[in-house]
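Student: I'm passing along target04.txt; it holds compact mmCIF, C-alpha atoms.
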# COMPACT_ATOMS: atom_id res chain seq x y z
CA MET K 569 60.79 -103.20 -7.07
CA ARG K 570 60.48 -99.47 -7.71
CA LYS K 571 58.36 -99.07 -4.58
CA ALA K 572 60.96 -100.95 -2.57
CA MET K 573 63.70 -98.66 -3.91
CA VAL K 574 61.75 -95.51 -3.01
CA LEU K 575 61.06 -96.89 0.47
CA PHE K 576 64.74 -97.78 0.88
CA ALA K 577 65.85 -94.30 -0.21
CA SER K 578 63.27 -92.59 2.02
CA LEU K 579 64.43 -94.62 4.99
CA PHE K 580 68.03 -93.57 4.45
CA ALA K 581 66.96 -89.96 3.86
CA ALA K 582 65.10 -90.00 7.17
CA VAL K 583 68.15 -91.36 8.97
CA ALA K 584 70.36 -88.80 7.24
CA TRP K 585 67.93 -86.00 8.20
CA GLY K 586 67.99 -87.17 11.77
CA SER K 587 71.76 -86.97 11.90
CA SER K 588 72.11 -83.83 9.76
CA GLY K 589 73.34 -81.84 12.73
CA ALA K 590 76.39 -84.03 12.97
CA ALA K 591 77.19 -83.56 9.28
CA GLU K 592 77.88 -79.83 9.62
CA GLY K 593 81.49 -80.09 10.63
CA GLU K 594 82.36 -83.01 8.35
CA LYS K 595 82.12 -81.26 4.98
CA GLU K 596 85.80 -80.95 4.30
CA ASP K 597 86.76 -84.34 5.67
CA VAL K 598 84.85 -86.64 3.27
CA ALA K 599 87.92 -87.46 1.16
CA GLY K 600 89.99 -88.13 4.29
CA TYR K 601 87.23 -90.37 5.70
CA ILE K 602 87.05 -92.37 2.43
CA LEU K 603 90.80 -92.81 2.15
CA HIS K 604 90.95 -93.83 5.81
CA HIS K 605 88.32 -96.52 5.18
CA VAL K 606 89.81 -98.02 2.02
CA ALA K 607 93.44 -97.86 3.20
CA ASP K 608 95.14 -100.51 5.29
CA ALA K 609 95.30 -99.84 9.04
CA HIS K 610 96.79 -101.13 12.28
CA GLU K 611 93.37 -101.35 13.89
CA LEU K 612 89.93 -102.74 13.14
CA GLU K 613 87.19 -100.17 13.63
CA ILE K 614 83.75 -101.55 14.25
CA GLU K 615 81.22 -98.75 14.02
CA ILE K 616 78.03 -99.02 16.01
CA PRO K 617 75.07 -98.10 13.76
CA LEU K 618 73.09 -94.90 14.52
CA SER K 619 75.64 -93.70 17.03
CA HIS K 620 78.99 -91.97 16.89
CA ASP K 621 80.71 -94.70 18.88
CA HIS K 622 82.95 -97.35 17.51
CA VAL K 623 84.86 -100.24 18.99
CA THR K 624 88.53 -100.25 18.02
CA ILE K 625 90.57 -103.43 18.04
CA HIS K 626 94.30 -102.67 17.97
CA LEU K 627 96.29 -105.15 15.92
CA PRO K 628 99.86 -106.10 16.83
CA GLN K 629 102.63 -104.18 15.10
CA ILE K 630 105.59 -106.45 14.37
CA LEU K 631 108.82 -104.82 13.23
CA ILE K 632 112.05 -106.71 12.63
CA PRO K 633 115.12 -104.44 12.49
CA PHE K 634 118.08 -105.77 10.47
CA LYS K 635 120.38 -103.31 12.21
CA ALA K 636 120.07 -101.60 15.58
CA GLY K 637 117.63 -98.69 15.62
CA ALA K 638 116.50 -99.25 12.02
CA CYS K 639 112.84 -99.35 13.05
CA GLU K 640 112.79 -96.08 15.00
CA PRO K 641 109.85 -93.99 13.69
CA ARG K 642 110.93 -90.89 11.82
CA MET K 643 109.08 -87.58 11.85
CA THR K 644 108.05 -86.36 8.39
CA ASP K 645 105.52 -83.84 7.08
CA HIS K 646 102.87 -86.59 7.20
CA GLY K 647 103.52 -87.47 10.84
CA GLU K 648 105.47 -90.43 12.20
CA VAL K 649 106.61 -92.88 9.53
CA ILE K 650 108.17 -96.32 10.09
CA PRO K 651 111.24 -96.79 7.83
CA GLY K 652 110.83 -99.26 4.98
CA ILE K 653 112.63 -102.48 4.06
CA LEU K 654 115.33 -100.53 2.17
CA ALA K 655 116.23 -98.74 5.42
CA GLY K 656 116.67 -102.13 7.13
CA CYS K 657 113.29 -102.50 8.83
CA LEU K 658 111.02 -105.42 7.97
CA ASP K 659 107.41 -104.61 8.81
CA ILE K 660 105.32 -107.77 9.18
CA SER K 661 102.55 -106.16 11.22
CA ILE K 662 99.15 -107.79 11.25
CA THR K 663 96.96 -105.18 9.57
CA LYS K 664 93.27 -104.88 8.72
CA HIS K 665 93.82 -106.40 5.29
CA THR K 666 95.88 -109.26 6.74
CA VAL K 667 92.97 -110.09 9.06
CA MET K 668 90.59 -109.95 6.09
CA MET K 669 92.83 -112.33 4.13
CA TRP K 670 92.89 -114.76 7.05
CA LEU K 671 89.14 -114.48 7.41
CA ALA K 672 88.70 -115.14 3.67
CA ALA K 673 91.02 -118.16 3.93
CA VAL K 674 89.15 -119.56 6.96
CA LEU K 675 85.74 -119.04 5.31
CA LEU K 676 87.04 -120.58 2.09
CA ILE K 677 88.51 -123.66 3.76
CA GLY K 678 85.39 -124.04 5.94
CA SER K 679 82.92 -123.76 3.08
CA ILE K 680 84.94 -126.08 0.84
CA LEU K 681 85.20 -128.67 3.64
CA ILE K 682 81.44 -128.48 4.28
CA TRP K 683 80.28 -128.55 0.68
CA SER K 684 82.82 -130.97 -0.73
CA ASN K 685 81.85 -133.51 1.93
CA ARG K 686 78.93 -134.92 0.01
CA ASP K 687 77.55 -138.36 -0.69
CA LYS K 688 80.16 -139.65 -3.15
CA THR K 689 78.07 -142.69 -4.11
CA LYS K 690 75.70 -140.38 -5.96
CA LEU K 691 76.81 -138.75 -9.19
CA VAL K 692 74.86 -135.52 -8.74
CA PRO K 693 75.51 -133.37 -5.64
CA ARG K 694 72.54 -132.27 -3.54
CA GLY K 695 72.06 -128.86 -1.97
CA THR K 696 72.74 -125.30 -3.12
CA GLY K 697 76.28 -124.95 -1.76
CA ALA K 698 77.61 -128.22 -3.15
CA ASN K 699 76.03 -127.54 -6.56
CA LEU K 700 77.31 -123.97 -6.66
CA PHE K 701 80.86 -125.02 -5.81
CA GLU K 702 80.80 -127.90 -8.27
CA MET K 703 79.60 -125.54 -10.99
CA LEU K 704 82.36 -123.03 -10.28
CA VAL K 705 85.06 -125.71 -9.98
CA LEU K 706 83.99 -127.29 -13.27
CA PHE K 707 83.90 -123.86 -14.89
CA VAL K 708 87.48 -123.13 -13.80
CA ARG K 709 88.65 -126.56 -14.98
CA ASP K 710 86.81 -126.79 -18.31
CA GLU K 711 86.48 -123.17 -19.42
CA LEU K 712 89.64 -121.63 -17.98
CA ALA K 713 92.31 -124.29 -17.47
CA ILE K 714 91.67 -126.60 -20.43
CA LYS K 715 90.65 -123.87 -22.89
CA ASN K 716 93.70 -121.74 -22.12
CA ILE K 717 96.41 -124.27 -21.25
CA GLY K 718 95.32 -127.39 -23.14
CA LYS K 719 93.88 -130.75 -22.11
CA GLU K 720 97.27 -132.38 -21.53
CA GLU K 721 98.85 -129.75 -19.28
CA GLY K 722 95.70 -127.93 -18.13
CA PRO K 723 94.59 -130.28 -15.32
CA ARG K 724 98.04 -129.95 -13.68
CA TYR K 725 97.40 -126.24 -13.01
CA VAL K 726 93.74 -126.54 -11.95
CA PRO K 727 94.54 -126.63 -8.17
CA TYR K 728 96.45 -123.34 -8.40
CA LEU K 729 93.79 -121.67 -10.56
CA LEU K 730 91.00 -122.82 -8.23
CA THR K 731 92.87 -121.52 -5.18
CA ALA K 732 93.45 -118.15 -6.85
CA PHE K 733 89.85 -117.91 -8.08
CA PHE K 734 88.15 -118.73 -4.78
CA PHE K 735 90.60 -116.79 -2.60
CA ILE K 736 90.18 -113.64 -4.71
CA LEU K 737 86.42 -114.14 -4.86
CA PHE K 738 86.14 -114.48 -1.08
CA MET K 739 88.38 -111.45 -0.48
CA ASN K 740 86.35 -109.38 -2.96
CA LEU K 741 83.04 -110.43 -1.42
CA LEU K 742 84.20 -109.78 2.16
CA GLY K 743 84.55 -106.09 1.34
CA LEU K 744 80.82 -105.87 0.63
CA PHE K 745 79.87 -106.73 4.22
CA PRO K 746 79.61 -104.09 6.95
CA TRP K 747 82.77 -103.65 9.09
CA MET K 748 84.81 -105.64 6.59
CA ALA K 749 87.32 -104.55 3.93
CA SER K 750 88.49 -105.85 0.56
CA ALA K 751 92.06 -107.07 0.92
CA THR K 752 92.24 -107.05 -2.90
CA GLY K 753 92.00 -103.24 -2.72
CA ASN K 754 95.57 -103.29 -1.43
CA LEU K 755 98.43 -103.18 -3.93
CA ALA K 756 100.61 -105.47 -1.78
CA VAL K 757 97.97 -108.22 -1.78
CA THR K 758 97.36 -108.13 -5.54
CA CYS K 759 101.12 -107.97 -6.09
CA GLY K 760 101.53 -111.10 -3.93
CA LEU K 761 98.87 -112.91 -5.97
CA ALA K 762 100.49 -111.82 -9.24
CA VAL K 763 103.89 -113.05 -7.97
CA CYS K 764 102.31 -116.50 -7.40
CA THR K 765 101.04 -116.50 -11.01
CA PHE K 766 104.44 -115.28 -12.21
CA ILE K 767 106.23 -118.16 -10.45
CA VAL K 768 103.76 -120.75 -11.79
CA THR K 769 104.12 -119.27 -15.31
CA GLN K 770 107.92 -119.47 -15.18
CA ILE K 771 107.79 -123.05 -13.88
CA ALA K 772 105.40 -123.93 -16.74
CA GLY K 773 107.86 -122.36 -19.21
CA ILE K 774 110.86 -124.20 -17.74
CA ARG K 775 108.95 -127.50 -17.69
CA ALA K 776 107.91 -127.09 -21.33
CA ALA K 777 111.12 -125.70 -22.87
CA GLY K 778 113.69 -127.10 -20.43
CA LEU K 779 116.03 -124.84 -18.45
CA GLY K 780 118.30 -124.39 -21.51
CA GLY K 781 115.40 -123.46 -23.79
CA TYR K 782 114.01 -121.10 -21.16
CA LEU K 783 117.35 -119.32 -20.74
CA ALA K 784 117.85 -119.23 -24.53
CA HIS K 785 114.46 -117.50 -24.75
CA LEU K 786 115.78 -114.81 -22.39
CA THR K 787 118.64 -113.98 -24.74
CA GLY K 788 116.19 -112.97 -27.49
CA GLY K 789 118.09 -115.11 -30.02
CA VAL K 790 120.65 -112.39 -30.80
CA HIS K 791 124.46 -112.51 -30.98
CA PRO K 792 126.18 -113.01 -27.55
CA LEU K 793 127.80 -109.56 -27.88
CA LEU K 794 124.34 -107.98 -27.67
CA TRP K 795 123.28 -110.04 -24.62
CA PRO K 796 124.19 -107.33 -22.03
CA ILE K 797 121.37 -105.21 -23.48
CA MET K 798 118.98 -107.90 -24.71
CA ILE K 799 118.90 -109.96 -21.49
CA PRO K 800 117.73 -107.00 -19.32
CA VAL K 801 115.12 -106.18 -22.00
CA GLU K 802 113.73 -109.73 -22.05
CA PHE K 803 113.99 -109.98 -18.25
CA LEU K 804 111.96 -106.77 -17.82
CA GLY K 805 109.48 -108.11 -20.37
CA LEU K 806 108.72 -111.03 -18.03
CA PHE K 807 107.27 -108.61 -15.48
CA THR K 808 104.83 -106.79 -17.76
CA LYS K 809 102.16 -109.50 -17.42
CA PRO K 810 102.17 -109.80 -13.60
CA PHE K 811 102.26 -105.99 -13.42
CA ALA K 812 99.07 -105.83 -15.48
CA LEU K 813 97.47 -108.46 -13.20
CA THR K 814 98.45 -106.52 -10.07
CA VAL K 815 97.16 -103.14 -11.18
CA ARG K 816 93.96 -104.43 -12.80
CA LEU K 817 92.66 -106.23 -9.72
CA PHE K 818 93.77 -103.52 -7.28
CA ALA K 819 92.34 -100.61 -9.28
CA ASN K 820 89.01 -102.32 -9.96
CA MET K 821 88.38 -103.21 -6.33
CA LEU K 822 89.56 -99.88 -4.93
CA ALA K 823 87.62 -97.80 -7.48
CA GLY K 824 84.31 -99.55 -6.70
CA HIS K 825 84.61 -98.87 -2.97
CA ILE K 826 85.63 -95.25 -3.51
CA VAL K 827 82.63 -94.67 -5.82
CA ILE K 828 80.20 -96.05 -3.20
CA PHE K 829 81.77 -93.96 -0.43
CA PHE K 830 81.73 -90.81 -2.56
CA LEU K 831 78.09 -91.25 -3.54
CA LEU K 832 77.22 -91.51 0.15
CA GLY K 833 79.69 -88.70 0.92
CA LEU K 834 77.70 -86.39 -1.39
CA ILE K 835 75.12 -86.10 1.39
CA PHE K 836 77.78 -84.58 3.65
CA ILE K 837 79.49 -82.54 0.90
CA LEU K 838 76.25 -80.88 -0.23
CA GLN K 839 75.02 -80.82 3.38
CA HIS K 840 71.41 -81.56 2.57
CA PRO K 841 69.61 -84.74 3.65
CA ALA K 842 67.49 -84.74 0.46
CA VAL K 843 70.63 -85.69 -1.50
CA ALA K 844 70.24 -89.12 0.11
CA MET K 845 67.15 -89.68 -2.05
CA VAL K 846 69.45 -89.75 -5.07
CA SER K 847 72.82 -90.85 -3.74
CA VAL K 848 71.64 -93.85 -1.69
CA PRO K 849 69.85 -95.59 -4.61
CA PHE K 850 72.87 -94.82 -6.80
CA ALA K 851 75.23 -96.24 -4.17
CA PHE K 852 72.98 -99.30 -3.89
CA GLY K 853 73.20 -99.74 -7.67
CA ILE K 854 77.00 -99.50 -7.56
CA TYR K 855 76.96 -101.96 -4.65
CA LEU K 856 75.12 -104.48 -6.84
CA LEU K 857 77.62 -103.76 -9.60
CA GLU K 858 80.42 -104.44 -7.09
CA LEU K 859 78.84 -107.81 -6.34
CA PHE K 860 79.13 -108.59 -10.04
CA VAL K 861 82.64 -107.10 -10.25
CA ALA K 862 83.76 -109.37 -7.36
CA PHE K 863 83.02 -112.40 -9.56
CA VAL K 864 84.25 -110.79 -12.78
CA GLN K 865 87.61 -109.78 -11.30
CA ALA K 866 88.17 -113.23 -9.78
CA TYR K 867 87.33 -114.68 -13.21
CA VAL K 868 89.57 -112.22 -15.08
CA PHE K 869 92.55 -112.84 -12.79
CA THR K 870 92.15 -116.63 -13.11
CA MET K 871 91.55 -116.48 -16.87
CA LEU K 872 94.63 -114.32 -17.46
CA SER K 873 96.70 -116.53 -15.15
CA ALA K 874 95.60 -119.56 -17.18
CA LEU K 875 96.34 -117.69 -20.43
CA PHE K 876 99.86 -116.76 -19.24
CA ILE K 877 100.52 -120.30 -18.00
CA GLY K 878 99.28 -121.53 -21.40
CA MET K 879 101.74 -119.19 -23.13
CA GLY K 880 104.48 -120.55 -20.86
CA VAL K 881 103.52 -124.10 -21.87
CA ALA K 882 103.51 -123.02 -25.55
CA MET K 883 107.08 -121.73 -25.03
CA GLY K 884 108.19 -125.32 -25.53
CA HIS K 885 106.82 -125.26 -29.06
CA HIS K 886 108.63 -122.01 -29.93
CA ALA K 887 111.89 -123.29 -28.44
CA HIS K 888 111.64 -126.43 -30.57
CA GLU K 889 110.85 -124.40 -33.69
CA GLU K 890 113.63 -121.87 -33.12
CA HIS K 891 116.32 -124.49 -32.61
CA GLY K 892 115.25 -126.50 -35.61
CA HIS K 893 114.53 -129.74 -33.82
CA GLY K 894 110.77 -129.51 -33.89
CA HIS K 895 108.73 -132.61 -34.51
CA LYS K 896 108.20 -133.73 -38.07
CA GLU K 897 104.69 -134.68 -38.98
CA THR K 898 105.03 -138.23 -40.08
CA GLY K 899 101.62 -139.40 -39.04
CA PRO K 900 98.21 -138.20 -40.08
CA SER K 901 97.69 -134.42 -40.16
CA HIS K 902 95.89 -132.41 -37.49
CA ASP K 903 92.83 -132.13 -39.72
CA HIS K 904 92.63 -135.85 -39.74
CA GLY K 905 92.60 -135.83 -35.96
CA LYS K 906 89.86 -133.21 -35.89
CA ALA K 907 87.74 -135.19 -38.32
CA HIS K 908 87.60 -137.98 -35.76
CA ALA K 909 86.71 -135.60 -32.92
CA MET Y 926 88.79 -148.24 -32.41
CA ALA Y 927 90.09 -144.81 -31.58
CA GLU Y 928 93.09 -143.84 -33.63
CA LYS Y 929 95.88 -142.17 -31.69
CA GLU Y 930 96.08 -138.48 -32.55
CA PRO Y 931 99.44 -136.95 -33.45
CA ARG Y 932 100.90 -134.87 -30.63
CA GLU Y 933 102.96 -131.73 -30.57
CA PRO Y 934 105.96 -131.62 -28.26
CA GLY Y 935 104.16 -129.61 -25.54
CA GLY Y 936 100.99 -131.69 -25.32
CA SER Y 937 97.81 -132.12 -27.36
CA ASP Y 938 97.07 -130.79 -30.86
CA GLY Y 939 95.53 -127.65 -29.36
CA SER Y 940 92.06 -128.16 -30.83
CA GLU Y 941 90.50 -127.79 -27.37
CA LEU Y 942 91.92 -124.29 -26.85
CA GLY Y 943 89.51 -121.37 -26.63
CA PRO Y 944 89.62 -118.47 -29.10
CA ALA Y 945 91.36 -116.16 -26.58
CA ALA Y 946 94.17 -118.66 -26.03
CA ARG Y 947 94.62 -119.29 -29.76
CA GLN Y 948 94.74 -115.60 -30.59
CA MET Y 949 97.06 -114.81 -27.68
CA ARG Y 950 99.42 -117.62 -28.67
CA ALA Y 951 99.38 -116.43 -32.29
CA ALA Y 952 100.02 -112.83 -31.20
CA GLU Y 953 102.70 -113.67 -28.62
CA PRO Y 954 105.73 -113.56 -31.01
CA TYR Y 955 104.60 -110.16 -32.30
CA ILE Y 956 104.05 -108.80 -28.77
CA SER Y 957 107.50 -110.05 -27.83
CA ALA Y 958 109.01 -108.42 -30.95
CA VAL Y 959 107.38 -105.08 -30.13
CA TRP Y 960 108.60 -105.33 -26.53
CA LYS Y 961 112.15 -105.74 -27.86
CA LEU Y 962 111.77 -102.46 -29.77
CA VAL Y 963 110.34 -100.55 -26.79
CA GLY Y 964 112.32 -102.33 -24.09
CA GLY Y 965 115.64 -101.68 -25.84
CA ALA Y 966 115.02 -97.92 -25.65
CA VAL Y 967 113.73 -98.15 -22.04
CA VAL Y 968 116.69 -100.21 -20.79
CA GLY Y 969 119.22 -98.04 -22.69
CA VAL Y 970 117.88 -94.70 -21.48
CA LEU Y 971 117.16 -95.70 -17.85
CA GLY Y 972 120.34 -97.78 -17.56
CA GLY Y 973 122.43 -94.90 -18.94
CA TYR Y 974 120.76 -92.38 -16.66
CA TRP Y 975 121.33 -94.45 -13.50
CA LEU Y 976 124.90 -95.38 -14.39
CA ASP Y 977 125.64 -91.72 -15.10
CA LYS Y 978 124.25 -90.74 -11.71
CA TRP Y 979 126.19 -93.52 -9.99
CA LEU Y 980 129.54 -92.99 -11.75
CA GLY Y 981 129.22 -89.21 -12.25
CA THR Y 982 129.90 -89.42 -15.98
CA ALA Y 983 126.88 -87.43 -17.15
CA PRO Y 984 125.83 -87.28 -19.93
CA TRP Y 985 128.06 -89.74 -21.80
CA LEU Y 986 126.70 -93.07 -20.62
CA LEU Y 987 123.13 -91.83 -21.11
CA VAL Y 988 123.91 -90.89 -24.72
CA GLY Y 989 125.93 -94.04 -25.44
CA LEU Y 990 123.61 -96.56 -23.81
CA SER Y 991 120.50 -94.89 -25.27
CA LEU Y 992 121.92 -95.25 -28.77
CA ALA Y 993 123.05 -98.81 -28.06
CA GLY Y 994 119.67 -99.76 -26.51
CA ILE Y 995 117.63 -98.28 -29.36
CA SER Y 996 119.89 -99.94 -31.96
CA VAL Y 997 119.77 -103.37 -30.28
CA GLY Y 998 115.99 -102.99 -29.86
CA PHE Y 999 115.59 -102.22 -33.55
CA TYR Y 1000 117.89 -105.06 -34.55
CA GLY Y 1001 116.03 -107.54 -32.32
CA PHE Y 1002 112.68 -106.34 -33.65
CA LEU Y 1003 113.68 -106.55 -37.32
CA ARG Y 1004 115.33 -109.93 -36.82
CA GLU Y 1005 112.20 -111.30 -35.16
CA MET Y 1006 109.98 -109.87 -37.89
CA ALA Y 1007 112.15 -111.38 -40.63
CA ARG Y 1008 112.00 -114.76 -38.85
CA LEU Y 1009 108.21 -114.55 -38.45
CA GLY Y 1010 107.89 -113.53 -42.11
CA LYS Y 1011 109.91 -116.56 -43.21
CA ARG Y 1012 107.80 -118.90 -41.10
CA LYS Y 1013 104.72 -117.87 -43.11
Could you render the structure from this file as structure tokens?

Tutor:
Amino acid sequence: MRKAMVLFASLFAAVAWGSSGAAEGEKEDVAGYILHHVADAHELEIEIPLSHDHVTIHLPQILIPFKAGACEPRMTDHGEVIPGILAGCLDISITKHTVMMWLAAVLLIGSILIWSNRDKTKLVPRGTGANLFEMLVLFVRDELAIKNIGKEEGPRYVPYLLTAFFFILFMNLLGLFPWMASATGNLAVTCGLAVCTFIVTQIAGIRAAGLGGYLAHLTGGVHPLLWPIMIPVEFLGLFTKPFALTVRLFANMLAGHIVIFFLLGLIFILQHPAVAMVSVPFAFGIYLLELFVAFVQAYVFTMLSALFIGMGVAMGHHAHEEHGHGHKETGPSHDHGKAHA
Amino acid sequence: MAEKEPREPGGSDGSELGPAARQMRAAEPYISAVWKLVGGAVVGVLGGYWLDKWLGTAPWLLVGLSLAGISVGFYGFLREMARLGKRK
């Protein structure tokens, strides 16, 4: 293994040495290069290895103005900027990250269709793919949904949790392939995913506590005179959990990519090919860590979604307790039930 | 013959829940109480600041709503704590 690593590093050092002439003028532009690569873009750049050429695919820019001339580009210090939604311009352009999301969705649907189509007469699936998927699906159902939501309500939310888990996993993994990007390293994407969890959580809360109980929860249980202050407080409180989901996934995915790029960028910052001997193995190590992080972040997002949905389901219990019409234990106690389990 | 287990209003008896879910559910009322304390101040100060900017009444709404927000936050927090204390 160590020999393989040394060989790998030497190979990269040799390539870096070979192209050291080109690195001269790029010293100051490493940060710009990294930000350009992790940011969303209106084109797909496919670099051709060992050359300075790249193929650029321009993606369509779709702007919908709500009023005439709202989408006219404006000149600022940072160049031409398209006005935002608040200025009356809806930008639904197909960007690099949109393409990556579509690709992740197509790969996900394709792989699920292939591997779920197994011999149903046999109890145990055959083949690596089918076994891997069954293991992950069972993990999400038994360890995430049922352990965080409960065995009565848990199975109802398994389809959503599975979709979130696999979609995030595929988007995270796509970023580890050459010419691809992680759509989860975009705040808009993670925000969209968190909004889905937020909606499911609120529906779980309304289903469990009833619309009246849910709205009563928003008043914080204080006197109606204090509602003008308490309702905004409770309403803002609803958004703390999806905000945490959004930032956690985004920051983790973006940070990993930036670390890899910067380790490789050290070669060009220090302008010596020998740096590759150190930075390439380090970048390779971080790359392996990223592979692990892709799974961990998909797991964390799904686990927290399940936890929040579970708390929404538990809202029903609190509502019953607060309004004094909770159930009275007339039958055997819970301990009795556990003794049978 | 399996005896039917008693059920809580929201579903099962919760014995299948993992430790994270149990702890989070136990902590949830306290997190919500603390949010009332912090959120009251946040809503009061930011609300007062924006309303002052909008209506041009600086600094009166900022002062008034900050005091009101902090007071309501404290009241909500103490009320929740007293309720949680009684439940034990």

Student: Between Y:Leu1009, Y:Leu976, Y:Ala983, Y:Val967, which has the minimum distance to Ser996 in chain Y (counting only C-alpha atoms)?

Tutor: Y:Val967

Student: Find the residues around Ser750 in chain K up to 7 Å (all atoms listed in the file counted), leave out those fewer than 2 positions away in its own chain, and share them as JSON, numbers by chain.

Tutor: {"K": [739, 740, 742, 743, 752, 753]}

Student: Give me the residues within 6 Å of range 799-801 of chain K as a list of chain:residue names, counting all atoms listed in the file and dropping any in the same chain fewer than 4 places off.

Tutor: K:Leu786, K:Thr787, K:Trp795, Y:Gly964, Y:Gly965

Student: With a cut-off of 6 Å and counting only C-alpha atoms, select all residues of chain K in contact with chain Y and give the selection as a VMD selection string.

Tutor: chain K and resid 715 to 716 718 720 801 884 905

Student: Could you check which of K:Asn820, K:Thr731, K:Asn754, K:Thr689 is closest to Val708 in chain K, using all atoms listed in the file?

Tutor: K:Thr731

Student: Just give me the gap between CA of Gly722 in chain K and CA of Phe860 in chain K in Å, one decimal is fine.

Tutor: 26.7 Å

Student: If I take CA of Leu779 in chain K and CA of Val763 in chain K, how far is one from the other in Å, to one decimal?

Tutor: 19.9 Å

Student: For the atom pair CA of Ala751 in chain K and CA of Gly880 in chain K, what is the interatomic distance in Å to one decimal place?

Tutor: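 Computing the Euclidean distance for CA of Ala751 in chain K and CA of Gly880 in chain K yields 28.5 Å.
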
Student: What's around His626 in chain K at 10 Å? Count all atoms listed in the file, leave out sequence neighbours fewer than 5 positions away in its own chain, and write the answer as an mmCIF file with C-alpha atoms, in the frame of the given file.

Tutor:
data_model
loop_
_atom_site.group_PDB
_atom_site.id
_atom_site.type_symbol
_atom_site.label_atom_id
_atom_site.label_comp_id
_atom_site.auth_asym_id
_atom_site.auth_seq_id
_atom_site.Cartn_x
_atom_site.Cartn_y
_atom_site.Cartn_z
ATOM 1 C CA ALA K 609 95.300 -99.840 9.040
ATOM 2 C CA HIS K 610 96.790 -101.130 12.280
ATOM 3 C CA GLU K 611 93.370 -101.350 13.890
ATOM 4 C CA LEU K 612 89.930 -102.740 13.140
ATOM 5 C CA GLU K 613 87.190 -100.170 13.630
ATOM 6 C CA ILE K 662 99.150 -107.790 11.250
ATOM 7 C CA THR K 663 96.960 -105.180 9.570
ATOM 8 C CA LYS K 664 93.270 -104.880 8.720
#

Student: Report, as AutoDock Vina command-line options, the axis-aligned box around all atoms of range 868-871 of chain K present in the file, extended by 6 Å on each side; give centre and edge lengths in Å to one decimal place.

Tutor:
--center_x 91.1 --center_y -114.4 --center_z -14.8 --size_x 15.0 --size_y 16.4 --size_z 16.1

Student: Under the rule that all atoms listed in the file are counted, which of K:Val815, K:Leu834, K:Cys639, K:Val864 is the nearest residue to Val598 in chain K?

Tutor: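 Checking each of K:Val815, K:Leu834, K:Cys639, K:Val864 against Val598 in chain K, counting all atoms listed in the file, the winner is K:Leu834.
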